[in-house]
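Structure data (CSV, N, CA and C atoms) from entry.csv:
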```csv
chain,number,residue,atom,x,y,z
E,1,MET,N,56.6,3.3,94.8
E,1,MET,CA,55.5,2.5,94.3
E,1,MET,C,55.4,1.2,95.0
E,2,LYS,N,54.2,0.8,95.4
E,2,LYS,CA,54.0,-0.4,96.1
E,2,LYS,C,54.1,-1.6,95.1
E,3,LYS,N,54.8,-2.6,95.5
E,3,LYS,CA,54.9,-3.8,94.7
E,3,LYS,C,53.5,-4.5,94.6
E,4,THR,N,53.3,-5.1,93.5
E,4,THR,CA,52.0,-5.9,93.3
E,4,THR,C,52.0,-7.0,94.4
E,5,PRO,N,50.9,-7.0,95.1
E,5,PRO,CA,50.8,-8.0,96.2
E,5,PRO,C,50.7,-9.4,95.7
E,6,GLN,N,51.2,-10.3,96.6
E,6,GLN,CA,51.1,-11.7,96.2
E,6,GLN,C,49.6,-12.1,96.3
E,7,ASN,N,49.2,-12.9,95.3
E,7,ASN,CA,47.8,-13.3,95.2
E,7,ASN,C,47.6,-14.7,95.8
E,8,LEU,N,47.0,-14.7,96.9
E,8,LEU,CA,46.8,-16.0,97.6
E,8,LEU,C,45.4,-16.5,97.4
E,9,THR,N,44.5,-15.8,96.6
E,9,THR,CA,43.1,-16.2,96.5
E,9,THR,C,42.8,-17.3,95.5
E,10,GLY,N,43.7,-17.4,94.5
E,10,GLY,CA,43.5,-18.4,93.4
E,10,GLY,C,42.8,-17.8,92.3
E,11,TYR,N,42.4,-16.5,92.4
E,11,TYR,CA,41.7,-15.8,91.3
E,11,TYR,C,42.6,-14.6,90.9
E,12,ASN,N,42.4,-14.1,89.6
E,12,ASN,CA,43.1,-13.0,89.2
E,12,ASN,C,42.5,-11.7,89.7
E,13,PHE,N,43.2,-10.6,89.5
E,13,PHE,CA,42.7,-9.3,90.0
E,13,PHE,C,41.4,-8.8,89.4
E,14,GLY,N,41.1,-9.3,88.2
E,14,GLY,CA,39.9,-9.0,87.5
E,14,GLY,C,38.7,-9.8,87.8
E,15,HIS,N,38.8,-10.7,88.8
E,15,HIS,CA,37.7,-11.6,89.2
E,15,HIS,C,37.1,-11.2,90.5
E,16,PRO,N,35.8,-11.1,90.6
E,16,PRO,CA,35.1,-10.7,91.8
E,16,PRO,C,35.5,-11.5,93.1
E,17,TRP,N,35.7,-12.8,92.9
E,17,TRP,CA,36.1,-13.6,94.1
E,17,TRP,C,37.5,-13.3,94.6
E,18,TYR,N,38.3,-12.7,93.9
E,18,TYR,CA,39.6,-12.2,94.4
E,18,TYR,C,39.3,-11.3,95.6
E,19,TYR,N,38.4,-10.4,95.4
E,19,TYR,CA,38.0,-9.4,96.4
E,19,TYR,C,37.2,-9.9,97.5
E,20,VAL,N,36.3,-10.9,97.2
E,20,VAL,CA,35.5,-11.5,98.2
E,20,VAL,C,36.4,-12.3,99.2
E,21,LEU,N,37.4,-12.9,98.7
E,21,LEU,CA,38.3,-13.7,99.6
E,21,LEU,C,39.4,-12.8,100.2
E,22,GLY,N,39.2,-11.5,100.2
E,22,GLY,CA,40.1,-10.6,100.9
E,22,GLY,C,41.4,-10.2,100.1
E,23,GLY,N,41.4,-10.4,98.8
E,23,GLY,CA,42.6,-9.9,98.1
E,23,GLY,C,42.8,-8.4,98.2
E,24,GLU,N,44.1,-8.1,98.2
E,24,GLU,CA,44.4,-6.6,98.3
E,24,GLU,C,44.0,-5.9,97.1
E,25,ILE,N,43.5,-4.7,97.4
E,25,ILE,CA,43.0,-3.8,96.3
E,25,ILE,C,44.2,-3.1,95.7
E,26,LEU,N,44.4,-3.3,94.4
E,26,LEU,CA,45.6,-2.6,93.8
E,26,LEU,C,45.4,-1.1,93.6
E,27,SER,N,46.4,-0.4,93.7
E,27,SER,CA,46.3,1.1,93.4
E,27,SER,C,46.4,1.2,91.9
E,28,PRO,N,45.9,2.4,91.4
E,28,PRO,CA,46.1,2.6,89.9
E,28,PRO,C,47.5,2.5,89.5
E,29,LYS,N,48.5,2.9,90.3
E,29,LYS,CA,49.9,2.8,89.9
E,29,LYS,C,50.3,1.3,89.8
E,30,GLN,N,49.8,0.5,90.6
E,30,GLN,CA,50.1,-0.9,90.5
E,30,GLN,C,49.4,-1.6,89.3
E,31,ILE,N,48.2,-1.1,89.0
E,31,ILE,CA,47.6,-1.6,87.8
E,31,ILE,C,48.4,-1.2,86.5
E,32,ARG,N,48.8,0.1,86.5
E,32,ARG,CA,49.6,0.6,85.4
E,32,ARG,C,50.9,-0.2,85.3
E,33,ALA,N,51.5,-0.6,86.4
E,33,ALA,CA,52.8,-1.4,86.3
E,33,ALA,C,52.5,-2.8,85.8
E,34,GLU,N,51.4,-3.3,86.2
E,34,GLU,CA,51.0,-4.7,85.6
E,34,GLU,C,50.8,-4.6,84.1
E,35,VAL,N,50.2,-3.5,83.6
E,35,VAL,CA,50.0,-3.4,82.2
E,35,VAL,C,51.3,-3.2,81.5
E,36,SER,N,52.1,-2.3,82.1
E,36,SER,CA,53.4,-2.0,81.5
E,36,SER,C,54.3,-3.2,81.4
E,37,ALA,N,54.2,-4.2,82.3
E,37,ALA,CA,55.0,-5.4,82.3
E,37,ALA,C,54.6,-6.4,81.2
E,38,GLY,N,53.4,-6.2,80.6
E,38,GLY,CA,53.0,-7.2,79.6
E,38,GLY,C,53.0,-6.6,78.2
E,39,ASN,N,52.4,-7.3,77.3
E,39,ASN,CA,52.3,-6.9,75.9
E,39,ASN,C,50.9,-6.6,75.4
E,40,TYR,N,49.9,-6.6,76.4
E,40,TYR,CA,48.5,-6.5,76.0
E,40,TYR,C,48.3,-5.1,75.4
E,41,GLN,N,47.5,-5.0,74.3
E,41,GLN,CA,47.3,-3.7,73.7
E,41,GLN,C,45.9,-3.2,73.9
E,42,GLY,N,45.1,-3.9,74.6
E,42,GLY,CA,43.7,-3.5,74.9
E,42,GLY,C,42.7,-4.1,73.9
E,43,TYR,N,41.4,-4.1,74.3
E,43,TYR,CA,40.4,-4.7,73.5
E,43,TYR,C,40.1,-4.0,72.2
E,44,MET,N,40.6,-2.7,72.1
E,44,MET,CA,40.4,-2.0,70.8
E,44,MET,C,41.6,-2.0,70.0
E,45,ALA,N,42.5,-2.9,70.1
E,45,ALA,CA,43.7,-2.9,69.3
E,45,ALA,C,43.5,-2.9,67.9
E,46,GLU,N,42.5,-3.7,67.4
E,46,GLU,CA,42.1,-3.7,66.0
E,46,GLU,C,41.7,-2.4,65.4
E,47,GLU,N,40.9,-1.7,66.2
E,47,GLU,CA,40.5,-0.3,65.7
E,47,GLU,C,41.6,0.6,65.7
E,48,ILE,N,42.5,0.5,66.7
E,48,ILE,CA,43.7,1.4,66.8
E,48,ILE,C,44.6,1.1,65.7
E,49,ASN,N,44.8,-0.2,65.3
E,49,ASN,CA,45.6,-0.6,64.2
E,49,ASN,C,45.1,0.0,62.9
E,50,ALA,N,43.8,-0.1,62.7
E,50,ALA,CA,43.2,0.5,61.5
E,50,ALA,C,43.5,2.0,61.4
E,51,VAL,N,43.4,2.7,62.5
E,51,VAL,CA,43.8,4.1,62.5
E,51,VAL,C,45.2,4.3,62.2
E,52,ASP,N,46.1,3.4,62.7
E,52,ASP,CA,47.5,3.5,62.5
E,52,ASP,C,47.9,3.3,61.0
E,53,ASN,N,47.1,2.6,60.3
E,53,ASN,CA,47.3,2.4,58.9
E,53,ASN,C,46.9,3.5,58.0
E,54,LYS,N,46.3,4.6,58.5
E,54,LYS,CA,46.0,5.7,57.7
E,54,LYS,C,47.2,6.5,57.4
E,55,SER,N,47.2,7.4,56.4
E,55,SER,CA,48.3,8.2,56.1
E,55,SER,C,48.2,9.5,57.0
E,56,GLU,N,49.4,10.1,57.1
E,56,GLU,CA,49.4,11.4,57.9
E,56,GLU,C,48.7,12.5,57.1
E,57,PRO,N,48.2,13.5,57.7
E,57,PRO,CA,48.1,13.7,59.2
E,57,PRO,C,46.8,13.1,59.8
E,58,HIS,N,46.0,12.3,59.0
E,58,HIS,CA,44.8,11.7,59.6
E,58,HIS,C,45.2,10.7,60.6
E,59,ARG,N,46.3,10.0,60.4
E,59,ARG,CA,46.7,9.0,61.4
E,59,ARG,C,46.9,9.6,62.8
E,60,SER,N,47.8,10.6,62.8
E,60,SER,CA,48.1,11.2,64.1
E,60,SER,C,46.9,11.9,64.7
E,61,GLU,N,46.1,12.5,63.9
E,61,GLU,CA,44.8,13.2,64.5
E,61,GLU,C,43.9,12.1,65.1
E,62,ALA,N,43.7,11.0,64.4
E,62,ALA,CA,42.9,10.0,65.0
E,62,ALA,C,43.5,9.3,66.2
E,63,LEU,N,44.8,9.1,66.2
E,63,LEU,CA,45.4,8.5,67.4
E,63,LEU,C,45.3,9.5,68.6
E,64,ARG,N,45.5,10.7,68.3
E,64,ARG,CA,45.4,11.7,69.4
E,64,ARG,C,43.9,11.8,69.9
E,65,ALA,N,43.0,11.6,69.0
E,65,ALA,CA,41.6,11.6,69.5
E,65,ALA,C,41.3,10.4,70.4
E,66,PHE,N,41.8,9.3,70.0
E,66,PHE,CA,41.7,8.1,70.8
E,66,PHE,C,42.4,8.3,72.2
E,67,LYS,N,43.5,9.0,72.2
E,67,LYS,CA,44.3,9.2,73.4
E,67,LYS,C,43.4,10.1,74.3
E,68,VAL,N,42.8,11.1,73.8
E,68,VAL,CA,41.9,12.0,74.6
E,68,VAL,C,40.8,11.2,75.2
E,69,LYS,N,40.2,10.3,74.4
E,69,LYS,CA,39.0,9.5,74.8
E,69,LYS,C,39.5,8.6,76.0
E,70,PHE,N,40.6,7.9,75.8
E,70,PHE,CA,41.0,6.9,76.8
E,70,PHE,C,41.5,7.6,78.0
E,71,THR,N,42.1,8.8,77.9
E,71,THR,CA,42.5,9.5,79.1
E,71,THR,C,41.3,9.9,79.9
E,72,LYS,N,40.3,10.4,79.2
E,72,LYS,CA,39.0,10.8,79.9
E,72,LYS,C,38.4,9.5,80.6
E,73,ASP,N,38.3,8.4,79.8
E,73,ASP,CA,37.8,7.2,80.4
E,73,ASP,C,38.6,6.7,81.6
E,74,LEU,N,39.9,6.8,81.5
E,74,LEU,CA,40.7,6.4,82.6
E,74,LEU,C,40.4,7.2,83.9
E,75,ALA,N,40.3,8.5,83.7
E,75,ALA,CA,40.0,9.4,84.9
E,75,ALA,C,38.7,9.0,85.5
E,76,GLU,N,37.7,8.8,84.7
E,76,GLU,CA,36.4,8.4,85.2
E,76,GLU,C,36.4,7.0,85.9
E,77,ASP,N,37.1,6.1,85.3
E,77,ASP,CA,37.2,4.7,85.8
E,77,ASP,C,38.0,4.7,87.1
E,78,ILE,N,39.1,5.5,87.2
E,78,ILE,CA,39.8,5.6,88.5
E,78,ILE,C,39.0,6.2,89.6
E,79,SER,N,38.2,7.2,89.3
E,79,SER,CA,37.4,7.9,90.3
E,79,SER,C,36.4,6.9,90.8
E,80,ARG,N,35.7,6.1,90.0
E,80,ARG,CA,34.7,5.1,90.4
E,80,ARG,C,35.4,4.0,91.2
E,81,TYR,N,36.6,3.6,90.7
E,81,TYR,CA,37.3,2.5,91.3
E,81,TYR,C,37.7,2.8,92.8
E,82,ARG,N,38.1,4.1,93.0
E,82,ARG,CA,38.4,4.5,94.3
E,82,ARG,C,37.2,4.5,95.2
E,83,GLN,N,36.1,4.9,94.7
E,83,GLN,CA,34.8,4.9,95.5
E,83,GLN,C,34.5,3.5,95.9
E,84,ILE,N,34.6,2.6,95.0
E,84,ILE,CA,34.3,1.2,95.3
E,84,ILE,C,35.3,0.6,96.3
E,85,ALA,N,36.6,0.9,96.1
E,85,ALA,CA,37.6,0.4,97.0
E,85,ALA,C,37.4,0.9,98.4
E,86,CYS,N,37.0,2.2,98.5
E,86,CYS,CA,36.7,2.7,99.9
E,86,CYS,C,35.5,2.0,100.5
E,87,ALA,N,34.5,1.7,99.8
E,87,ALA,CA,33.4,0.9,100.3
E,87,ALA,C,33.8,-0.5,100.7
E,88,ILE,N,34.6,-1.1,99.9
E,88,ILE,CA,35.1,-2.5,100.3
E,88,ILE,C,36.0,-2.4,101.6
E,89,ARG,N,36.9,-1.5,101.6
E,89,ARG,CA,37.8,-1.3,102.8
E,89,ARG,C,36.9,-1.0,104.1
E,90,ARG,N,35.9,-0.2,103.9
E,90,ARG,CA,35.0,0.1,105.0
E,90,ARG,C,34.3,-1.1,105.5
E,91,ASP,N,33.8,-1.9,104.5
E,91,ASP,CA,33.1,-3.1,104.8
E,91,ASP,C,34.0,-4.1,105.5
E,92,ARG,N,35.2,-4.2,105.1
E,92,ARG,CA,36.2,-5.2,105.7
E,92,ARG,C,36.5,-4.7,107.1
E,93,ALA,N,36.6,-3.4,107.3
E,93,ALA,CA,36.9,-2.9,108.7
E,93,ALA,C,35.8,-3.1,109.6
E,94,GLU,N,34.5,-2.9,109.1
E,94,GLU,CA,33.3,-3.1,110.0
E,94,GLU,C,33.0,-4.6,110.2
E,95,ASN,N,33.5,-5.4,109.4
E,95,ASN,CA,33.2,-6.9,109.5
E,95,ASN,C,34.5,-7.7,109.4
E,96,PRO,N,35.4,-7.5,110.4
E,96,PRO,CA,36.7,-8.2,110.3
E,96,PRO,C,36.7,-9.7,110.4
E,97,ILE,N,35.6,-10.3,110.9
E,97,ILE,CA,35.6,-11.7,111.0
E,97,ILE,C,35.1,-12.2,109.7
E,98,PHE,N,36.0,-13.0,109.0
E,98,PHE,CA,35.7,-13.4,107.6
E,98,PHE,C,34.9,-14.7,107.7
E,99,ILE,N,33.7,-14.7,107.1
E,99,ILE,CA,32.9,-15.9,106.9
E,99,ILE,C,32.8,-16.0,105.4
E,100,GLU,N,33.2,-17.1,104.8
E,100,GLU,CA,33.2,-17.2,103.4
E,100,GLU,C,31.8,-17.3,102.9
E,101,PRO,N,31.4,-16.3,102.1
E,101,PRO,CA,30.0,-16.2,101.5
E,101,PRO,C,29.8,-17.2,100.4
E,102,ASP,N,28.5,-17.4,100.0
E,102,ASP,CA,28.3,-18.3,98.9
E,102,ASP,C,28.2,-17.5,97.6
E,103,SER,N,28.2,-16.2,97.7
E,103,SER,CA,28.2,-15.4,96.4
E,103,SER,C,28.9,-14.1,96.7
E,104,CYS,N,29.2,-13.4,95.6
E,104,CYS,CA,29.9,-12.1,95.8
E,104,CYS,C,28.9,-11.0,95.8
E,105,ALA,N,29.2,-9.9,96.5
E,105,ALA,CA,28.4,-8.7,96.6
E,105,ALA,C,28.6,-7.9,95.3
E,106,ASP,N,27.7,-6.9,95.1
E,106,ASP,CA,27.8,-6.0,94.0
E,106,ASP,C,29.1,-5.3,93.9
E,107,ASN,N,29.6,-4.8,95.1
E,107,ASN,CA,30.8,-4.0,95.1
E,107,ASN,C,32.0,-4.9,94.6
E,108,HIS,N,32.0,-6.2,94.9
E,108,HIS,CA,33.1,-7.0,94.4
E,108,HIS,C,33.0,-7.2,92.9
E,109,THR,N,31.8,-7.3,92.3
E,109,THR,CA,31.7,-7.3,90.9
E,109,THR,C,32.1,-6.0,90.3
E,110,ASP,N,31.6,-4.9,90.9
E,110,ASP,CA,31.9,-3.6,90.4
E,110,ASP,C,33.4,-3.3,90.4
E,111,ILE,N,34.1,-3.7,91.4
E,111,ILE,CA,35.6,-3.3,91.4
E,111,ILE,C,36.3,-4.2,90.4
E,112,SER,N,35.9,-5.5,90.3
E,112,SER,CA,36.6,-6.3,89.3
E,112,SER,C,36.4,-5.8,87.9
E,113,LEU,N,35.2,-5.2,87.6
E,113,LEU,CA,34.9,-4.6,86.3
E,113,LEU,C,35.7,-3.4,86.1
E,114,LYS,N,35.8,-2.5,87.1
E,114,LYS,CA,36.6,-1.3,87.0
E,114,LYS,C,38.0,-1.6,86.9
E,115,TYR,N,38.5,-2.6,87.5
E,115,TYR,CA,39.9,-3.1,87.4
E,115,TYR,C,40.2,-3.4,85.9
E,116,ALA,N,39.2,-4.1,85.3
E,116,ALA,CA,39.4,-4.5,83.8
E,116,ALA,C,39.3,-3.2,83.0
E,117,HIS,N,38.5,-2.3,83.3
E,117,HIS,CA,38.4,-1.0,82.5
E,117,HIS,C,39.7,-0.3,82.6
E,118,ILE,N,40.2,-0.1,83.8
E,118,ILE,CA,41.4,0.6,84.0
E,118,ILE,C,42.6,-0.1,83.3
E,119,TYR,N,42.6,-1.4,83.4
E,119,TYR,CA,43.7,-2.2,82.7
E,119,TYR,C,43.7,-1.9,81.2
E,120,ASN,N,42.5,-2.0,80.7
E,120,ASN,CA,42.3,-1.7,79.2
E,120,ASN,C,42.7,-0.2,78.9
E,121,ASP,N,42.2,0.7,79.7
E,121,ASP,CA,42.5,2.1,79.4
E,121,ASP,C,44.1,2.3,79.4
E,122,PHE,N,44.8,1.8,80.4
E,122,PHE,CA,46.2,1.9,80.4
E,122,PHE,C,46.8,1.2,79.1
E,123,ALA,N,46.3,0.0,78.8
E,123,ALA,CA,46.9,-0.7,77.7
E,123,ALA,C,46.7,0.1,76.4
E,124,HIS,N,45.5,0.7,76.2
E,124,HIS,CA,45.3,1.5,75.0
E,124,HIS,C,46.2,2.7,75.0
E,125,LEU,N,46.3,3.4,76.1
E,125,LEU,CA,47.2,4.6,76.1
E,125,LEU,C,48.6,4.2,75.9
E,126,PHE,N,49.1,3.1,76.5
E,126,PHE,CA,50.5,2.7,76.2
E,126,PHE,C,50.7,2.4,74.7
E,127,TYR,N,49.8,1.7,74.1
E,127,TYR,CA,49.9,1.3,72.7
E,127,TYR,C,49.8,2.6,71.8
E,128,ILE,N,48.9,3.5,72.1
E,128,ILE,CA,48.8,4.7,71.3
E,128,ILE,C,50.1,5.5,71.5
E,129,GLU,N,50.7,5.6,72.7
E,129,GLU,CA,51.9,6.4,72.8
E,129,GLU,C,53.0,5.8,72.0
E,130,ASP,N,53.1,4.4,72.0
E,130,ASP,CA,54.1,3.8,71.1
E,130,ASP,C,53.9,4.1,69.7
E,131,LEU,N,52.7,4.1,69.2
E,131,LEU,CA,52.4,4.4,67.8
E,131,LEU,C,52.7,5.8,67.5
E,132,LEU,N,52.3,6.7,68.4
E,132,LEU,CA,52.6,8.2,68.1
E,132,LEU,C,54.1,8.5,68.1
E,133,ALA,N,54.9,7.6,68.7
E,133,ALA,CA,56.3,7.9,68.7
E,133,ALA,C,57.0,7.5,67.4
E,134,GLN,N,56.2,6.8,66.5
E,134,GLN,CA,56.7,6.3,65.2
E,134,GLN,C,56.2,7.3,64.2
E,135,GLN,N,57.0,7.5,63.1
E,135,GLN,CA,56.6,8.3,62.0
E,135,GLN,C,55.7,7.5,61.1
E,136,GLY,N,54.5,8.1,60.9
E,136,GLY,CA,53.5,7.5,60.0
E,136,GLY,C,53.9,7.7,58.5
E,137,ASP,N,53.2,7.0,57.6
E,137,ASP,CA,53.4,7.1,56.2
E,137,ASP,C,52.7,8.4,55.7
E,138,LEU,N,53.5,9.3,55.1
E,138,LEU,CA,53.1,10.6,54.7
E,138,LEU,C,52.2,10.6,53.4
E,139,PHE,N,52.4,9.5,52.6
E,139,PHE,CA,51.7,9.5,51.3
E,139,PHE,C,50.7,8.3,51.1
E,140,GLY,N,50.6,7.5,52.2
E,140,GLY,CA,49.6,6.4,52.2
E,140,GLY,C,49.5,5.6,51.0
```
Once more with this new file: its structure as structure tokens, please.
Amino acid sequence: MKKTPQNLTGYNFGHPWYYVLGGEILSPKQIRAEVSAGNYQGYMAEEINAVDNKSEPHRSEALRAFKVKFTKDLAEDISRYRQIACAIRRDRAENPIFIEPDSCADNHTDISLKYAHIYNDFAHLFYIEDLLAQQGDLFG
């Protein structure tokens, strides 16, 4: 697995200007490693916690339903992320002389949003896996 690249742009991976300024496009594996290294549980942590507080078997059923949803979302997000990444790489190859623009292009905004979606998808899936590994309350 490739190590997460050093960020010399001054922006984080979820910001469009990171890509405008030539920041390396992370692979999905690198994004997964970033999520795994932190404690972020995703933007839906509250909803997932509410499901986790249910008694069994409703808890596990609902957590598995969330897992299916986020797995599907992740696959769709990665597919689109790769399309955008290819477009950015192609643009960089066709225009190797870097002239700092005054604004970012749509593909830079698109990839920054997809990065955030993938980051959240992985965070949700890791959190759900942790919860599914624990025994829920049988009698609520």
Counting all atoms listed in the file, the residue of E:Ile88, E:Tyr119, E:His108, E:Gln135 that sits nearest Tyr18 of chain E: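 Result for the nearest residue to Tyr18 of chain E: E:His108.
Our summary of the geometry notes that atom CA of Gln83 of chain E is positioned 26.3 Å from atom N of Tyr127 of chain E.
By chain and then residue number, the residues within 6 Å of segment 36-48 of chain E are Ile31, Arg32, Ala33, Glu34, Ala50, Val51, Asp52, Asn120, Ala123, His124 and Tyr127 of chain E, counting all atoms listed in the file and disregarding those fewer than 2 positions away in sequence.
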Next, the residues of the selection above should be written as a short mmCIF file (atom, residue, chain, number, x, y, z; two decimals), in the coordinates of the input with N, CA and C atoms.
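Below you can see selection_12.cif, which holds the result:
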```
data_model
loop_
_atom_site.label_atom_id
_atom_site.label_comp_id
_atom_site.auth_asym_id
_atom_site.auth_seq_id
_atom_site.Cartn_x
_atom_site.Cartn_y
_atom_site.Cartn_z
N ILE E 31 48.20 -1.10 89.00
CA ILE E 31 47.60 -1.60 87.80
C ILE E 31 48.40 -1.20 86.50
N ARG E 32 48.80 0.10 86.50
CA ARG E 32 49.60 0.60 85.40
C ARG E 32 50.90 -0.20 85.30
N ALA E 33 51.50 -0.60 86.40
CA ALA E 33 52.80 -1.40 86.30
C ALA E 33 52.50 -2.80 85.80
N GLU E 34 51.40 -3.30 86.20
CA GLU E 34 51.00 -4.70 85.60
C GLU E 34 50.80 -4.60 84.10
N ALA E 50 43.80 -0.10 62.70
CA ALA E 50 43.20 0.50 61.50
C ALA E 50 43.50 2.00 61.40
N VAL E 51 43.40 2.70 62.50
CA VAL E 51 43.80 4.10 62.50
C VAL E 51 45.20 4.30 62.20
N ASP E 52 46.10 3.40 62.70
CA ASP E 52 47.50 3.50 62.50
C ASP E 52 47.90 3.30 61.00
N ASN E 120 42.50 -2.00 80.70
CA ASN E 120 42.30 -1.70 79.20
C ASN E 120 42.70 -0.20 78.90
N ALA E 123 46.30 0.00 78.80
CA ALA E 123 46.90 -0.70 77.70
C ALA E 123 46.70 0.10 76.40
N HIS E 124 45.50 0.70 76.20
CA HIS E 124 45.30 1.50 75.00
C HIS E 124 46.20 2.70 75.00
N TYR E 127 49.80 1.70 74.10
CA TYR E 127 49.90 1.30 72.70
C TYR E 127 49.80 2.60 71.80
#
```
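One distance worth recording is that between atom CA of Ile118 of chain E and atom CA of Arg80 of chain E, which is 10.3 Å.
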Shell of 12 Å around Thr71 of chain E, only C-alpha atoms, local chain residues under 6 positions omitted, as a ChimeraX atom specification: /E:64-65,77-78,117-118,120-126,128-129
Mind writing the picked residues with N, CA and C atoms as an mmCIF file, in the frame of the given file?
```cif
data_model
loop_
_atom_site.group_PDB
_atom_site.id
_atom_site.type_symbol
_atom_site.label_atom_id
_atom_site.label_comp_id
_atom_site.auth_asym_id
_atom_site.auth_seq_id
_atom_site.Cartn_x
_atom_site.Cartn_y
_atom_site.Cartn_z
ATOM 1 N N ARG E 64 45.500 10.700 68.300
ATOM 2 C CA ARG E 64 45.400 11.700 69.400
ATOM 3 C C ARG E 64 43.900 11.800 69.900
ATOM 4 N N ALA E 65 43.000 11.600 69.000
ATOM 5 C CA ALA E 65 41.600 11.600 69.500
ATOM 6 C C ALA E 65 41.300 10.400 70.400
ATOM 7 N N ASP E 77 37.100 6.100 85.300
ATOM 8 C CA ASP E 77 37.200 4.700 85.800
ATOM 9 C C ASP E 77 38.000 4.700 87.100
ATOM 10 N N ILE E 78 39.100 5.500 87.200
ATOM 11 C CA ILE E 78 39.800 5.600 88.500
ATOM 12 C C ILE E 78 39.000 6.200 89.600
ATOM 13 N N HIS E 117 38.500 -2.300 83.300
ATOM 14 C CA HIS E 117 38.400 -1.000 82.500
ATOM 15 C C HIS E 117 39.700 -0.300 82.600
ATOM 16 N N ILE E 118 40.200 -0.100 83.800
ATOM 17 C CA ILE E 118 41.400 0.600 84.000
ATOM 18 C C ILE E 118 42.600 -0.100 83.300
ATOM 19 N N ASN E 120 42.500 -2.000 80.700
ATOM 20 C CA ASN E 120 42.300 -1.700 79.200
ATOM 21 C C ASN E 120 42.700 -0.200 78.900
ATOM 22 N N ASP E 121 42.200 0.700 79.700
ATOM 23 C CA ASP E 121 42.500 2.100 79.400
ATOM 24 C C ASP E 121 44.100 2.300 79.400
ATOM 25 N N PHE E 122 44.800 1.800 80.400
ATOM 26 C CA PHE E 122 46.200 1.900 80.400
ATOM 27 C C PHE E 122 46.800 1.200 79.100
ATOM 28 N N ALA E 123 46.300 0.000 78.800
ATOM 29 C CA ALA E 123 46.900 -0.700 77.700
ATOM 30 C C ALA E 123 46.700 0.100 76.400
ATOM 31 N N HIS E 124 45.500 0.700 76.200
ATOM 32 C CA HIS E 124 45.300 1.500 75.000
ATOM 33 C C HIS E 124 46.200 2.700 75.000
ATOM 34 N N LEU E 125 46.300 3.400 76.100
ATOM 35 C CA LEU E 125 47.200 4.600 76.100
ATOM 36 C C LEU E 125 48.600 4.200 75.900
ATOM 37 N N PHE E 126 49.100 3.100 76.500
ATOM 38 C CA PHE E 126 50.500 2.700 76.200
ATOM 39 C C PHE E 126 50.700 2.400 74.700
ATOM 40 N N ILE E 128 48.900 3.500 72.100
ATOM 41 C CA ILE E 128 48.800 4.700 71.300
ATOM 42 C C ILE E 128 50.100 5.500 71.500
ATOM 43 N N GLU E 129 50.700 5.600 72.700
ATOM 44 C CA GLU E 129 51.900 6.400 72.800
ATOM 45 C C GLU E 129 53.000 5.800 72.000
#
```
Backbone-only DSSP, alpha helix (DSSP H) members of chain E, as a ChimeraX atom specification: /E:16-20,28-37,45-52,58-94,106-132
Can you build me a table of segment 104-132 of chain E residues sitting at most 8 Å from segment 19-26 of chain E, with the closest atom pair per residue and its distance in Å to one decimal, using only N, CA and C atoms, sorted by chain and residue number, as a Markdown table?
```
| residue | atom | partner | partner_atom | distance |
| --- | --- | --- | --- | --- |
| E:Cys104 | CA | E:Val20 | CA | 6.1 |
| E:Ala105 | N | E:Val20 | CA | 6.7 |
| E:Asn107 | C | E:Tyr19 | CA | 7.7 |
| E:His108 | CA | E:Val20 | N | 5.8 |
| E:Thr109 | N | E:Val20 | N | 7.6 |
| E:Ser112 | N | E:Tyr19 | N | 7.5 |
```
Pairwise distance for atom CA of Lys54 of chain E and atom CA of Phe70 of chain E, rounded to one decimal in Å: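 Separation between atom CA of Lys54 of chain E and atom CA of Phe70 of chain E: 19.8 Å.
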Residue nearest Leu132 of chain E - candidates E:Lys29, E:Arg59, E:Arg89, E:His15, atoms counted: all atoms listed in the file: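 Nearest candidate to Leu132 of chain E out of E:Lys29, E:Arg59, E:Arg89, E:His15: E:Arg59.
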Selection near Ile111 of chain E, 8 Å with only C-alpha atoms, sequence-local residues under 4 positions removed, as an mmCIF file with N, CA and C atoms, in the frame of the given file:
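Okay, this is what ended up in result-v8.cif:
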```
data_model
loop_
_atom_site.group_PDB
_atom_site.id
_atom_site.type_symbol
_atom_site.label_atom_id
_atom_site.label_comp_id
_atom_site.auth_asym_id
_atom_site.auth_seq_id
_atom_site.Cartn_x
_atom_site.Cartn_y
_atom_site.Cartn_z
ATOM 1 N N PRO E 16 35.800 -11.100 90.600
ATOM 2 C CA PRO E 16 35.100 -10.700 91.800
ATOM 3 C C PRO E 16 35.500 -11.500 93.100
ATOM 4 N N TYR E 81 36.600 3.600 90.700
ATOM 5 C CA TYR E 81 37.300 2.500 91.300
ATOM 6 C C TYR E 81 37.700 2.800 92.800
ATOM 7 N N ILE E 84 34.600 2.600 95.000
ATOM 8 C CA ILE E 84 34.300 1.200 95.300
ATOM 9 C C ILE E 84 35.300 0.600 96.300
ATOM 10 N N ALA E 85 36.600 0.900 96.100
ATOM 11 C CA ALA E 85 37.600 0.400 97.000
ATOM 12 C C ALA E 85 37.400 0.900 98.400
ATOM 13 N N ASN E 107 29.600 -4.800 95.100
ATOM 14 C CA ASN E 107 30.800 -4.000 95.100
ATOM 15 C C ASN E 107 32.000 -4.900 94.600
ATOM 16 N N TYR E 115 38.500 -2.600 87.500
ATOM 17 C CA TYR E 115 39.900 -3.100 87.400
ATOM 18 C C TYR E 115 40.200 -3.400 85.900
#
```
